[in-house]
Amino acid sequence: MDVLLLRFDAPLMSFGGVVVDQHNKTDPLPYRAMLTGLLANALGLTRRDDAELTALQARVRYAARRDRKGSLLVDYQTVDLGADGPMASGLGWTSRGEIEERKGGEASDGTHIRHRHYLADAIVTVALTLDPAGVEPSLHTVSSALRAPARPLFLGRKCCVPSGPVWLGETTASSLRQALEHTPRAGGLRPGSASRSDEGGLQAVWPQSDGANENETRLWPRVEDRDMANAIHVGRRIHVEGRVNPPAAGAQGEDRT
């Protein structure tokens, strides 16, 4: 299959999953809705293009690995839900099935607390394909768009600007897992930046159809799709979480055509 290789390297990135109350958490690896948003942004689509976004998301197949783990950063934020604020309804839903209304006196009226989670100083490599391949946008069209995007790209949230191009290359492989295994690790890692847990390989996820190997640790159910019209997370897909042992940086592997 034809495979597009991406590398996410940024001071901050966020692969937000299901929001629980005030916590907008991040997964350690990207999921399908986030990748769809990245491709769509490069192609120049907007949030109003519900049908196009949904169709693109349904075609995305991917595998991803952590070249550098990074660290978790939690940003404390507040949202103004006051009567005169931008979120004037003053209501917020919680996982308890209750509405969180405005509380307090005038000084705190309408303020909601939010904890947004980020990965700091992480590097992630992604192998991606589109299935079926014979419709537009094709993988070649998406690849060209990522090299010359219609708008600036970001990794999960608009504040998460990549340190360099996310386009890494194009290659062919029998599976997405194989593409990850053959793509060299990120170069330029600081001495000691690899953790001891990386000695057995790099943490990765790949489609269940790609099979498991002796290093498999678990099947990972991921709520990774997005209802584009209603802006909510939907759908659970099973991935394999395991480890891959790609060649060192600078080795031959990816085809940067």
# chains A, B, ... in the order shown; residues from 1 in each chain; ligands from 1
$ residues_around --residues "segment 35-48 of chain A" --least-positions-apart "3" --cutoff "10 Å" --atoms "only C-alpha atoms" --output "PyMOL selection string"
chain A and resi 15+30-32+51-62+126+128+137+141-156+166+224-226+228-229+231
$ residues_around --residues "Val3 of chain A" --least-positions-apart "4" --cutoff "6 Å" --atoms "only C-alpha atoms" --output "PDB file with C-alpha atoms, in the first residue's frame"
ATOM      1  CA  LEU A 128      -1.128   7.050   7.314  1.00  0.00           C
ATOM      2  CA  THR A 129      -3.103   5.847   4.323  1.00  0.00           C
ATOM      3  CA  GLU A 170       6.042   8.771   1.213  1.00  0.00           C
ATOM      4  CA  THR A 171       6.715   5.069   1.013  1.00  0.00           C
ATOM      5  CA  THR A 172       5.124   1.710   0.260  1.00  0.00           C
TER       6      THR A 172
END
$ atom_distance --atom1 "atom CA of Asp67 of chain A" --atom2 "atom CA of Asp210 of chain A"
20.3 Å
$ closest_atom_pairs --of "segment 144-191 of chain A" --to "segment 238-243 of chain A" --cutoff "12 Å" --atoms "only C-alpha atoms" --output "Markdown table"
| residue | atom | partner | partner_atom | distance |
| --- | --- | --- | --- | --- |
| A:Leu176 | CA | A:Val240 | CA | 11.9 |
| A:Arg177 | CA | A:Arg243 | CA | 9.9 |
| A:Gln178 | CA | A:Arg243 | CA | 11.7 |
| A:Leu180 | CA | A:Arg243 | CA | 10.2 |
| A:Glu181 | CA | A:Arg243 | CA | 9.3 |
$ atom_distance --atom1 "atom CA of Arg218 of chain A" --atom2 "atom CA of Arg116 of chain A"
27.0 Å
$ select_by_dssp --residues "segment 117-194 of chain A" --states "strand (DSSP E)" --output "list of chain:residue names"
A:His117, A:Tyr118, A:Leu119, A:Ala120, A:Asp121, A:Ala122, A:Ile123, A:Val124, A:Thr125, A:Val126, A:Ala127, A:Leu128, A:Thr129, A:Leu130, A:Trp167, A:Leu168, A:Gly169, A:Glu170, A:Thr171, A:Thr172
$ write_last_selection --atoms "C-alpha atoms" --output "compact mmCIF listing (two decimals), in the first residue's frame"
# COMPACT_ATOMS: atom_id res chain seq x y z
CA HIS A 117 -3.62 18.80 29.05
CA TYR A 118 -0.67 18.94 26.64
CA LEU A 119 2.36 16.85 25.73
CA ALA A 120 5.49 18.98 26.09
CA ASP A 121 8.65 18.33 24.04
CA ALA A 122 7.36 15.08 22.53
CA ILE A 123 8.03 13.65 19.04
CA VAL A 124 5.57 11.36 17.29
CA THR A 125 5.85 9.58 13.93
CA VAL A 126 2.70 8.62 12.00
CA ALA A 127 2.15 6.27 9.06
CA LEU A 128 -1.13 7.05 7.31
CA THR A 129 -3.10 5.85 4.32
CA LEU A 130 -6.56 6.45 2.85
CA TRP A 167 5.39 16.01 6.08
CA LEU A 168 8.15 13.42 6.40
CA GLY A 169 7.90 11.37 3.23
CA GLU A 170 6.04 8.77 1.21
CA THR A 171 6.72 5.07 1.01
CA THR A 172 5.12 1.71 0.26
$ atom_distance --atom1 "atom CA of Ala64 of chain A" --atom2 "atom CA of Gln77 of chain A"
29.5 Å
$ closest_residue --among "A:Pro221, A:Pro11, A:Pro184, A:Pro207" --to "Val161 of chain A" --atoms "only C-alpha atoms"
A:Pro11
$ closest_residue --among "A:Ser138, A:Val223, A:Ala186, A:His115" --to "Thr78 of chain A" --atoms "only C-alpha atoms"
A:His115
